[in-house]
file query30.txt (compact mmCIF, C-alpha atoms)
# COMPACT_ATOMS: atom_id res chain seq x y z
CA MET A 1481 116.90 64.69 136.85
CA GLU A 1482 118.19 67.70 135.01
CA ASN A 1483 115.74 70.46 134.23
CA VAL A 1484 116.80 71.10 130.64
CA ALA A 1485 114.40 72.77 128.19
CA HIS A 1486 113.37 70.49 125.34
CA LYS A 1487 114.59 72.35 122.26
CA LYS A 1488 114.03 71.43 118.62
CA ASN A 1489 115.25 73.65 115.75
CA GLY A 1490 116.15 76.20 118.42
CA VAL A 1491 112.52 76.28 119.57
CA ASN A 1492 111.68 75.62 123.22
CA VAL A 1493 109.01 72.99 122.62
CA ASP A 1494 108.00 72.91 126.30
CA GLN A 1495 107.27 76.64 126.16
CA LEU A 1496 105.38 76.18 122.88
CA VAL A 1497 103.17 73.48 124.41
CA GLY A 1498 102.78 75.60 127.56
CA THR A 1499 101.66 78.61 125.47
CA ILE A 1500 99.08 76.52 123.62
CA ASP A 1501 97.77 75.14 126.94
CA ALA A 1502 97.63 78.63 128.45
CA VAL A 1503 95.54 79.89 125.49
CA LYS A 1504 93.23 76.88 125.71
CA LYS A 1505 92.58 77.66 129.39
CA ASP A 1506 92.20 81.41 128.86
CA PRO A 1507 91.51 82.65 125.30
CA GLU A 1508 92.47 86.20 126.28
CA VAL A 1509 96.12 85.12 126.48
CA ALA A 1510 96.04 85.03 122.65
CA ASP A 1511 95.04 88.69 122.23
CA PHE A 1512 98.03 90.67 121.00
CA ARG A 1513 98.45 94.27 119.91
CA PHE A 1514 101.63 94.95 117.99
CA ARG A 1515 102.85 98.51 117.48
CA ALA A 1516 105.26 100.43 115.31
CA ARG A 1517 106.20 104.08 115.01
CA THR A 1518 107.45 105.26 111.62
CA GLU A 1519 109.15 108.65 111.48
CA TRP A 1520 110.01 110.39 108.25
CA LEU A 1521 113.67 111.46 108.14
CA GLY A 1522 113.92 113.19 104.74
CA GLY A 1523 113.13 112.25 101.13
CA GLY A 1524 112.33 108.55 100.89
CA HIS A 1525 114.08 107.81 104.17
CA CYS A 1526 112.21 106.78 107.33
CA ARG A 1527 112.87 104.92 110.54
CA THR A 1528 110.52 102.57 112.34
CA THR A 1529 110.93 101.72 116.02
CA PHE A 1530 109.36 98.77 117.81
CA GLN A 1531 109.44 98.48 121.57
CA ASN A 1532 106.33 97.66 123.53
CA PHE A 1533 103.39 95.50 122.58
CA TYR A 1534 100.50 94.00 124.45
CA GLY A 1535 100.15 90.23 124.69
CA ALA A 1536 99.58 87.36 127.10
CA LYS A 1537 97.44 89.77 129.16
CA GLN A 1538 100.17 92.32 129.81
CA GLU A 1539 102.39 94.99 128.29
CA ASP A 1540 105.63 93.37 127.15
CA THR A 1541 108.77 94.87 128.69
CA SER A 1542 111.39 92.53 127.25
CA ARG A 1543 112.95 95.15 124.97
CA ASN A 1544 115.16 97.51 126.96
CA VAL A 1545 116.05 99.34 123.79
CA PRO A 1546 113.77 99.61 120.81
CA ILE A 1547 114.32 97.53 117.68
CA VAL A 1548 114.96 99.86 114.75
CA VAL A 1549 114.45 99.35 111.00
CA GLU A 1550 115.29 101.91 108.32
CA GLY A 1551 113.34 102.37 105.11
CA ASP A 1552 114.43 104.15 101.95
CA GLU A 1553 114.13 103.96 98.19
CA PRO A 1554 116.89 103.08 95.73
CA PRO A 1555 118.24 105.96 93.57
CA VAL A 1556 116.03 104.98 90.60
CA LEU A 1557 113.07 105.71 92.90
CA LEU A 1558 114.60 108.94 94.26
CA GLY A 1559 116.19 107.53 97.41
CA GLU A 1560 119.64 106.70 98.74
CA ASN A 1561 119.41 103.00 99.63
CA GLN A 1562 119.52 103.67 103.38
CA GLY A 1563 117.15 100.76 103.84
CA ALA A 1564 114.93 98.43 101.88
CA ASN A 1565 111.84 100.10 100.46
CA ALA A 1566 108.30 99.52 101.68
CA VAL A 1567 107.35 96.81 99.20
CA GLU A 1568 110.63 95.01 99.83
CA ALA A 1569 110.01 95.25 103.59
CA LEU A 1570 106.67 93.57 102.92
CA LEU A 1571 108.49 90.63 101.30
CA HIS A 1572 110.65 90.35 104.42
CA ALA A 1573 107.53 90.31 106.60
CA LEU A 1574 106.20 87.45 104.48
CA GLY A 1575 109.47 85.46 104.46
CA SER A 1576 109.92 85.98 108.20
CA CYS A 1577 106.36 84.83 108.91
CA LEU A 1578 106.70 81.68 106.79
CA SER A 1579 110.08 80.94 108.40
CA VAL A 1580 108.72 81.13 111.96
CA GLY A 1581 105.58 79.21 111.05
CA PHE A 1582 107.53 76.46 109.34
CA ILE A 1583 110.12 76.10 112.11
CA TYR A 1584 107.69 76.20 115.06
CA ASN A 1585 105.37 73.68 113.44
CA ALA A 1586 108.29 71.45 112.41
CA ALA A 1587 109.43 71.50 116.05
CA ALA A 1588 105.93 70.57 117.22
CA ARG A 1589 105.94 67.64 114.74
CA ASP A 1590 109.41 66.53 115.86
CA ILE A 1591 110.98 67.31 112.47
CA ASN A 1592 114.62 68.46 112.55
CA VAL A 1593 115.25 71.27 110.06
CA GLU A 1594 118.82 71.78 108.86
CA SER A 1595 118.25 74.73 106.55
CA LEU A 1596 115.35 76.75 105.20
CA THR A 1597 115.43 79.56 102.62
CA PHE A 1598 112.70 81.59 100.95
CA ASP A 1599 113.31 83.43 97.66
CA ILE A 1600 110.52 85.90 97.14
CA GLU A 1601 109.68 88.06 94.15
CA GLY A 1602 106.84 90.52 93.72
CA HIS A 1603 105.66 92.08 90.45
CA LEU A 1604 104.70 95.72 90.73
CA ASP A 1605 103.49 98.20 88.14
CA LEU A 1606 104.33 101.75 89.26
CA HIS A 1607 101.62 103.45 87.18
CA ALA A 1608 99.19 103.82 90.08
CA PHE A 1609 101.80 104.93 92.64
CA LEU A 1610 103.02 107.59 90.20
CA GLY A 1611 99.45 108.76 89.65
CA ILE A 1612 99.54 108.08 85.92
CA SER A 1613 96.85 105.42 85.68
CA ASP A 1614 94.09 104.05 87.88
CA LYS A 1615 93.69 100.98 85.67
CA THR A 1616 96.47 99.04 87.38
CA ARG A 1617 96.47 98.32 91.12
CA PRO A 1618 99.03 100.18 93.25
CA GLY A 1619 100.34 97.05 94.95
CA TYR A 1620 101.88 93.78 93.86
CA GLN A 1621 100.06 92.03 91.06
CA ARG A 1622 101.39 88.71 92.33
CA ILE A 1623 104.03 87.39 94.68
CA GLN A 1624 106.04 84.23 94.10
CA VAL A 1625 107.68 82.43 97.03
CA ASN A 1626 110.14 79.63 96.26
CA TYR A 1627 111.40 77.75 99.30
CA LYS A 1628 114.15 75.23 99.81
CA VAL A 1629 114.29 73.06 102.90
CA LYS A 1630 116.61 70.40 104.25
CA ALA A 1631 115.04 68.32 107.00
CA ASP A 1632 114.72 64.75 108.27
CA ALA A 1633 111.27 64.19 106.78
CA PRO A 1634 110.05 63.04 103.36
CA LYS A 1635 109.40 65.73 100.76
CA GLU A 1636 105.65 65.07 100.79
CA GLU A 1637 105.51 65.56 104.55
CA LEU A 1638 107.40 68.85 104.25
CA LYS A 1639 105.02 70.04 101.53
CA GLU A 1640 102.07 69.12 103.72
CA LEU A 1641 103.68 71.02 106.59
CA CYS A 1642 104.10 74.06 104.33
CA ASP A 1643 100.44 73.84 103.28
CA TYR A 1644 99.50 73.93 106.96
CA VAL A 1645 101.86 76.85 107.59
CA GLN A 1646 100.22 78.78 104.75
CA LYS A 1647 96.79 78.29 106.32
CA THR A 1648 97.95 79.67 109.67
CA SER A 1649 100.41 82.41 108.60
CA PRO A 1650 99.35 85.86 109.83
CA VAL A 1651 101.18 87.79 107.08
CA LEU A 1652 100.06 85.47 104.29
CA ASP A 1653 96.48 85.85 105.56
CA VAL A 1654 96.49 89.65 105.34
CA LEU A 1655 97.98 89.48 101.84
CA ARG A 1656 95.61 86.85 100.46
CA ASN A 1657 92.57 88.32 102.25
CA PRO A 1658 91.44 91.88 102.91
CA VAL A 1659 92.13 93.50 106.26
CA THR A 1660 90.61 96.70 107.58
CA VAL A 1661 93.16 99.52 107.81
CA ASN A 1662 91.92 102.76 109.30
CA VAL A 1663 94.09 105.86 108.71
CA GLU A 1664 93.44 108.92 110.85
CA MET A 1665 95.09 112.29 111.40
CA ILE A 1666 95.68 113.08 115.07
CA MET B 568 122.79 129.37 85.32
CA GLU B 569 123.55 126.82 87.98
CA ASN B 570 122.40 123.27 87.37
CA VAL B 571 121.03 122.59 90.85
CA ALA B 572 118.44 119.86 91.39
CA HIS B 573 115.08 121.18 92.53
CA LYS B 574 114.56 119.50 95.90
CA LYS B 575 111.50 119.61 98.12
CA ASN B 576 111.26 117.61 101.38
CA GLY B 577 114.52 115.99 100.31
CA VAL B 578 112.86 114.75 97.11
CA ASN B 579 114.43 115.56 93.75
CA VAL B 580 111.31 116.93 92.08
CA ASP B 581 113.00 117.15 88.67
CA GLN B 582 113.76 113.43 88.82
CA LEU B 583 110.21 112.72 89.98
CA VAL B 584 108.74 114.62 87.03
CA GLY B 585 111.29 112.95 84.73
CA THR B 586 110.27 109.50 85.97
CA ILE B 587 106.60 110.21 85.39
CA ASP B 588 107.36 111.47 81.87
CA ALA B 589 109.50 108.41 81.13
CA VAL B 590 106.67 106.08 82.17
CA LYS B 591 104.16 108.04 80.10
CA LYS B 592 106.38 107.60 77.04
CA ASP B 593 107.14 103.94 77.69
CA PRO B 594 104.84 102.05 80.09
CA GLU B 595 107.40 99.26 80.48
CA VAL B 596 109.57 101.62 82.54
CA ALA B 597 107.01 101.13 85.34
CA ASP B 598 107.41 97.33 85.52
CA PHE B 599 109.32 96.44 88.67
CA ARG B 600 110.19 93.13 90.27
CA PHE B 601 111.34 93.38 93.87
CA ARG B 602 113.12 90.48 95.52
CA ALA B 603 114.02 89.30 98.98
CA ARG B 604 115.79 86.22 100.33
CA THR B 605 114.87 85.12 103.84
CA GLU B 606 117.13 82.59 105.54
CA TRP B 607 116.26 80.84 108.76
CA LEU B 608 119.02 81.16 111.38
CA GLY B 609 117.61 79.19 114.32
CA GLY B 610 114.41 79.24 116.38
CA GLY B 611 112.37 82.34 115.50
CA HIS B 612 115.41 84.13 114.09
CA CYS B 613 115.81 84.84 110.37
CA ARG B 614 117.67 87.24 108.13
CA THR B 615 116.41 88.82 104.91
CA THR B 616 118.76 90.25 102.31
CA PHE B 617 117.79 92.66 99.54
CA GLN B 618 120.16 93.49 96.74
CA ASN B 619 119.06 93.36 93.14
CA PHE B 620 115.70 94.14 91.64
CA TYR B 621 114.42 94.74 88.15
CA GLY B 622 112.97 98.13 87.23
CA ALA B 623 113.11 100.92 84.63
CA LYS B 624 113.87 98.19 82.05
CA GLN B 625 117.06 96.93 83.70
CA GLU B 626 118.52 95.07 86.65
CA ASP B 627 119.38 97.57 89.36
CA THR B 628 123.02 97.55 90.45
CA SER B 629 122.99 100.47 92.90
CA ARG B 630 123.51 98.31 95.99
CA ASN B 631 127.13 97.22 96.27
CA VAL B 632 126.36 95.40 99.47
CA PRO B 633 122.97 93.90 100.28
CA ILE B 634 120.58 95.57 102.68
CA VAL B 635 119.95 93.25 105.62
CA VAL B 636 117.00 93.01 108.01
CA GLU B 637 116.75 90.59 110.93
CA GLY B 638 113.54 89.00 112.12
CA ASP B 639 112.86 87.31 115.45
CA GLU B 640 110.16 86.83 118.05
CA PRO B 641 110.10 88.31 121.56
CA PRO B 642 110.64 85.83 124.46
CA VAL B 643 106.88 85.52 125.11
CA LEU B 644 106.67 84.10 121.57
CA LEU B 645 109.73 81.88 122.00
CA GLY B 646 112.34 84.19 120.47
CA GLU B 647 115.20 86.39 121.60
CA ASN B 648 114.28 89.84 120.27
CA GLN B 649 117.01 89.79 117.63
CA GLY B 650 114.67 91.67 115.32
CA ALA B 651 111.06 92.73 115.02
CA ASN B 652 108.70 89.87 114.31
CA ALA B 653 106.89 89.29 111.03
CA VAL B 654 103.68 91.10 111.89
CA GLU B 655 105.63 94.04 113.29
CA ALA B 656 107.73 94.12 110.10
CA LEU B 657 104.45 94.35 108.21
CA LEU B 658 103.54 97.49 110.18
CA HIS B 659 106.92 98.97 109.20
CA ALA B 660 106.21 98.18 105.54
CA LEU B 661 102.91 100.04 105.87
CA GLY B 662 104.37 103.05 107.71
CA SER B 663 107.26 103.28 105.28
CA CYS B 664 104.91 103.14 102.29
CA LEU B 665 102.65 105.86 103.66
CA SER B 666 105.68 108.00 104.52
CA VAL B 667 107.15 107.82 101.01
CA GLY B 668 103.75 108.33 99.39
CA PHE B 669 102.95 111.34 101.55
CA ILE B 670 106.35 112.98 101.10
CA TYR B 671 106.67 112.43 97.34
CA ASN B 672 103.16 113.67 96.69
CA ALA B 673 103.63 116.63 99.03
CA ALA B 674 106.76 117.52 97.05
CA ALA B 675 104.83 117.28 93.78
CA ARG B 676 102.17 119.62 95.24
CA ASP B 677 104.80 122.06 96.49
CA ILE B 678 103.95 121.43 100.15
CA ASN B 679 106.85 121.71 102.62
CA VAL B 680 106.70 119.03 105.28
CA GLU B 681 108.48 119.67 108.55
CA SER B 682 107.68 116.42 110.34
CA LEU B 683 105.59 113.32 109.75
CA THR B 684 105.01 110.40 112.12
CA PHE B 685 102.82 107.29 111.90
CA ASP B 686 101.79 105.37 115.00
CA ILE B 687 100.47 102.00 113.93
CA GLU B 688 98.78 99.29 115.94
CA GLY B 689 97.47 95.93 114.77
CA HIS B 690 95.15 93.60 116.66
CA LEU B 691 96.01 89.94 116.34
CA ASP B 692 94.43 86.83 117.86
CA LEU B 693 97.00 84.04 118.06
CA HIS B 694 94.47 81.18 118.11
CA ALA B 695 94.85 80.38 114.41
CA PHE B 696 98.66 80.66 114.35
CA LEU B 697 98.86 78.31 117.34
CA GLY B 698 96.55 75.85 115.60
CA ILE B 699 93.95 76.00 118.37
CA SER B 700 91.03 77.43 116.43
CA ASP B 701 90.10 77.98 112.80
CA LYS B 702 87.29 80.36 113.76
CA THR B 703 89.56 83.41 114.00
CA ARG B 704 91.71 84.61 111.11
CA PRO B 705 95.48 84.11 111.43
CA GLY B 706 96.31 87.71 110.54
CA TYR B 707 95.46 91.14 111.90
CA GLN B 708 91.78 91.69 112.58
CA ARG B 709 92.29 95.39 112.02
CA ILE B 710 95.09 97.93 111.79
CA GLN B 711 94.91 101.48 113.08
CA VAL B 712 97.24 104.16 111.69
CA ASN B 713 97.38 107.51 113.48
CA TYR B 714 99.49 110.12 111.75
CA LYS B 715 100.75 113.52 112.80
CA VAL B 716 102.06 116.00 110.26
CA LYS B 717 103.54 119.49 110.39
CA ALA B 718 103.50 121.22 107.02
CA ASP B 719 102.81 124.57 105.36
CA ALA B 720 99.32 123.62 104.16
CA PRO B 721 95.87 123.74 105.78
CA LYS B 722 94.74 120.67 107.68
CA GLU B 723 92.02 119.90 105.13
CA GLU B 724 94.54 119.95 102.28
CA LEU B 725 96.80 117.57 104.20
CA LYS B 726 93.89 115.23 104.86
CA GLU B 727 92.98 115.30 101.18
CA LEU B 728 96.62 114.54 100.33
CA CYS B 729 96.54 111.59 102.74
CA ASP B 730 93.34 110.30 101.12
CA TYR B 731 95.10 110.39 97.77
CA VAL B 732 98.18 108.65 99.23
CA GLN B 733 95.93 105.89 100.57
CA LYS B 734 94.48 105.32 97.11
CA THR B 735 97.92 104.92 95.55
CA SER B 736 99.88 103.16 98.31
CA PRO B 737 101.22 99.77 97.21
CA VAL B 738 101.36 98.27 100.71
CA LEU B 739 97.96 99.60 101.75
CA ASP B 740 96.52 98.13 98.54
CA VAL B 741 97.78 94.60 99.23
CA LEU B 742 96.44 94.80 102.80
CA ARG B 743 93.03 96.17 101.93
CA ASN B 744 92.66 93.99 98.83
CA PRO B 745 93.63 90.38 98.12
CA VAL B 746 96.86 89.61 96.28
CA THR B 747 97.86 86.29 94.75
CA VAL B 748 100.75 84.67 96.63
CA ASN B 749 102.08 81.43 95.19
CA VAL B 750 104.27 79.30 97.47
CA GLU B 751 106.32 76.54 95.87
CA MET B 752 109.01 74.11 97.02
CA ILE B 753 112.08 74.10 94.76

call {"tool": "encode", "arguments": {"input": "query30.txt", "output": "structure tokens"}}
result
Amino acid sequence: MENVAHKKNGVNVDQLVGTIDAVKKDPEVADFRFRARTEWLGGGHCRTTFQNFYGAKQEDTSRNVPIVVEGDEPPVLLGENQGANAVEALLHALGSCLSVGFIYNAAARDINVESLTFDIEGHLDLHAFLGISDKTRPGYQRIQVNYKVKADAPKEELKELCDYVQKTSPVLDVLRNPVTVNVEMI
Amino acid sequence: MENVAHKKNGVNVDQLVGTIDAVKKDPEVADFRFRARTEWLGGGHCRTTFQNFYGAKQEDTSRNVPIVVEGDEPPVLLGENQGANAVEALLHALGSCLSVGFIYNAAARDINVESLTFDIEGHLDLHAFLGISDKTRPGYQRIQVNYKVKADAPKEELKELCDYVQKTSPVLDVLRNPVTVNVEMI
């Protein structure tokens, strides 16, 4: 018999099931520490590098070279468009999280996904960031995510899947609910 | 007299002051809508494009080509490292936001910054994402930001500046405080 990985939507379902089993046997396998280093480059421009993280009880060494993302502002916000800005990057984090959650869970439910797109828009009032008013919040007032999916399951089942994804999405969780962020000079 | 822009830390301070004045005169100038489109590419891999946004009372057209960011998982989480994952991207959004906030406000206070780096780490328990337990939250349990800055101001003044930046940071706000996120199938 051939030893071929069982893949669905590009997801190795055997590995997914194996990961879940490993966590059930040893909860510590689920403890992850993700890391990023953001360096200011000039004006609104910065660069973030991602390389190591801790997870599955060890330091990950799979990235020989770091993954790099640039951040910048558009000219209207005093930058040069050398990257998406911080609040746009946040929308990417959200879309990326919903995408992975949807696809992995679809694979686990044996649903074949053909295409999946998230259009995300966030409303932001710059008064607080500019230091003009403390009556409006600095961050997004609301975020709207519209998604379109083609898959071999009825619409209601896909909506139910998305409801489940929303309950288990790490990025959605830290947006909808408060998270402790400690900022310290070293 | 030469008409040279007054720059500090790479920030056009004249434009910064002009933006603040424009918002004071017409609050609508501060209404922004940022947008992102995330497309699933296969497995844990996705691509987000950023091009237009609304702000300063018009659609922005400064980006002739879209800005693109890739997202993926590392192999231990069933991906191929074709980008940072969603929760790492979130750390970039945070670092980028703090960088811009620090630099723009330093410029406004006439502080010269030589270097600025943020090392960020988030603790995440995968139980909820993997659907094994609903007793732990899906997202980060806590995020630690350590920053290092070289600038021509006393340490206490830089700490006070960072406290102010934290109060006005859009990304920090939506992490520390809840934001409404509406997810809809179209």

call {"tool": "closest_atom_pairs", "arguments": {"input": "query30.txt", "of": "range 1604-1666 of chain A", "to": "range 681-689 of chain B", "cutoff": "10 Å", "atoms": "only C-alpha atoms", "output": "JSON lines"}}
result
{"residue": "A:Thr1660", "atom": "CA", "partner": "B:Gly689", "partner_atom": "CA", "distance": 10.0}
{"residue": "A:Val1661", "atom": "CA", "partner": "B:Gly689", "partner_atom": "CA", "distance": 8.9}
{"residue": "A:Asn1662", "atom": "CA", "partner": "B:Ile687", "partner_atom": "CA", "distance": 9.8}
{"residue": "A:Val1663", "atom": "CA", "partner": "B:Ile687", "partner_atom": "CA", "distance": 9.1}
{"residue": "A:Glu1664", "atom": "CA", "partner": "B:Phe685", "partner_atom": "CA", "distance": 9.6}
{"residue": "A:Met1665", "atom": "CA", "partner": "B:Phe685", "partner_atom": "CA", "distance": 9.2}
{"residue": "A:Ile1666", "atom": "CA", "partner": "B:Phe685", "partner_atom": "CA", "distance": 9.7}

call {"tool": "write_last_selection", "arguments": {"input": "query30.txt", "atoms": "C-alpha atoms", "output": "short mmCIF file (atom, residue, chain, number, x, y, z; two decimals), in the coordinates of the input"}}
result
data_model
loop_
_atom_site.label_atom_id
_atom_site.label_comp_id
_atom_site.auth_asym_id
_atom_site.auth_seq_id
_atom_site.Cartn_x
_atom_site.Cartn_y
_atom_site.Cartn_z
CA THR A 1660 90.61 96.70 107.58
CA VAL A 1661 93.16 99.52 107.81
CA ASN A 1662 91.92 102.76 109.30
CA VAL A 1663 94.09 105.86 108.71
CA GLU A 1664 93.44 108.92 110.85
CA MET A 1665 95.09 112.29 111.40
CA ILE A 1666 95.68 113.08 115.07
#

call {"tool": "closest_residue", "arguments": {"input": "query30.txt", "among": "A:Pro1555, A:Pro1634, A:Gly1619, A:Gly1498", "to": "His1607 in chain A", "atoms": "all atoms listed in the file"}}
result
A:Gly1619

call {"tool": "atom_distance", "arguments": {"input": "query30.txt", "atom1": "CA of Cys1642 in chain A", "atom2": "CA of Ala653 in chain B"}}
result
16.9 Å

call {"tool": "closest_residue", "arguments": {"input": "query30.txt", "among": "B:Lys722, B:Arg602, B:Arg704, B:Arg709", "to": "Leu1652 in chain A", "atoms": "all atoms listed in the file"}}
result
B:Arg704

call {"tool": "atom_distance", "arguments": {"input": "query30.txt", "atom1": "CA of Val712 in chain B", "atom2": "CA of Pro1546 in chain A"}}
result
19.4 Å

call {"tool": "residues_around", "arguments": {"input": "query30.txt", "residues": "range 1572-1574 of chain A", "least_positions_apart": "5", "cutoff": "8 Å", "atoms": "all atoms listed in the file", "output": "number ranges by chain"}}
result
A: 1651-1652; B: 603-605, 615, 636, 652-657

call {"tool": "residues_around", "arguments": {"input": "query30.txt", "residues": "Glu626 in chain B", "least_positions_apart": "4", "cutoff": "12 Å", "atoms": "only C-alpha atoms", "output": "ChimeraX atom specification"}}
result
/A:1556 /B:596,598-602,618-622,630

call {"tool": "residues_around", "arguments": {"input": "query30.txt", "residues": "Val732 in chain B", "least_positions_apart": "6", "cutoff": "9 Å", "atoms": "all atoms listed in the file", "output": "PyMOL selection string"}}
result
(chain A and resi 1609) or (chain B and resi 665+668-669+672)

call {"tool": "closest_residue", "arguments": {"input": "query30.txt", "among": "B:Val632, B:Val571, B:Val741, B:Ala674", "to": "chain A", "atoms": "only C-alpha atoms"}}
result
B:Val741

call {"tool": "atom_distance", "arguments": {"input": "query30.txt", "atom1": "CA of Asn1592 in chain A", "atom2": "CA of Lys1647 in chain A"}}
result
21.3 Å

call {"tool": "closest_residue", "arguments": {"input": "query30.txt", "among": "B:Gly698, B:Pro641, B:Gly577, B:Gly646", "to": "chain A", "atoms": "all atoms listed in the file"}}
result
B:Gly577

call {"tool": "closest_residue", "arguments": {"input": "query30.txt", "among": "A:Ala1608, A:Asp1643, A:Lys1487, A:Asn1544", "to": "chain B", "atoms": "all atoms listed in the file"}}
result
A:Ala1608

call {"tool": "closest_residue", "arguments": {"input": "query30.txt", "among": "B:Ala623, B:Ala718, B:Leu645, B:Ile678", "to": "Gln1495 in chain A", "atoms": "only C-alpha atoms"}}
result
B:Leu645

call {"tool": "decode", "arguments": {"input": "query30.txt", "residues": "range 1487-1501 of chain A", "atoms": "N, CA and C atoms", "output": "short mmCIF file (atom, residue, chain, number, x, y, z; two decimals), in the first residue's frame"}}
result
data_model
loop_
_atom_site.label_atom_id
_atom_site.label_comp_id
_atom_site.auth_asym_id
_atom_site.auth_seq_id
_atom_site.Cartn_x
_atom_site.Cartn_y
_atom_site.Cartn_z
N LYS A 1487 -4.53 14.42 1.84
CA LYS A 1487 -4.65 15.88 1.77
C LYS A 1487 -6.04 16.30 1.32
N LYS A 1488 -6.51 17.37 1.92
CA LYS A 1488 -7.81 17.96 1.57
C LYS A 1488 -7.63 19.47 1.63
N ASN A 1489 -7.98 20.15 0.57
CA ASN A 1489 -7.78 21.62 0.47
C ASN A 1489 -6.31 22.02 0.69
N GLY A 1490 -5.42 21.10 0.35
CA GLY A 1490 -3.99 21.37 0.56
C GLY A 1490 -3.54 21.14 1.99
N VAL A 1491 -4.44 20.65 2.82
CA VAL A 1491 -4.14 20.42 4.24
C VAL A 1491 -3.88 18.93 4.46
N ASN A 1492 -2.78 18.61 5.10
CA ASN A 1492 -2.46 17.23 5.45
C ASN A 1492 -3.34 16.82 6.64
N VAL A 1493 -4.43 16.14 6.31
CA VAL A 1493 -5.43 15.82 7.35
C VAL A 1493 -4.86 14.83 8.37
N ASP A 1494 -3.99 13.92 7.90
CA ASP A 1494 -3.36 12.98 8.84
C ASP A 1494 -2.55 13.73 9.89
N GLN A 1495 -1.80 14.75 9.41
CA GLN A 1495 -0.98 15.54 10.36
C GLN A 1495 -1.88 16.34 11.30
N LEU A 1496 -3.00 16.84 10.76
CA LEU A 1496 -3.94 17.60 11.59
C LEU A 1496 -4.49 16.72 12.71
N VAL A 1497 -4.94 15.52 12.35
CA VAL A 1497 -5.46 14.58 13.35
C VAL A 1497 -4.35 14.19 14.33
N GLY A 1498 -3.14 13.98 13.80
CA GLY A 1498 -2.01 13.63 14.66
C GLY A 1498 -1.69 14.73 15.66
N THR A 1499 -1.79 16.00 15.21
CA THR A 1499 -1.52 17.14 16.10
C THR A 1499 -2.55 17.19 17.22
N ILE A 1500 -3.81 17.00 16.85
CA ILE A 1500 -4.89 17.02 17.85
C ILE A 1500 -4.67 15.90 18.87
N ASP A 1501 -4.32 14.72 18.38
CA ASP A 1501 -4.06 13.59 19.29
C ASP A 1501 -2.88 13.87 20.21
#
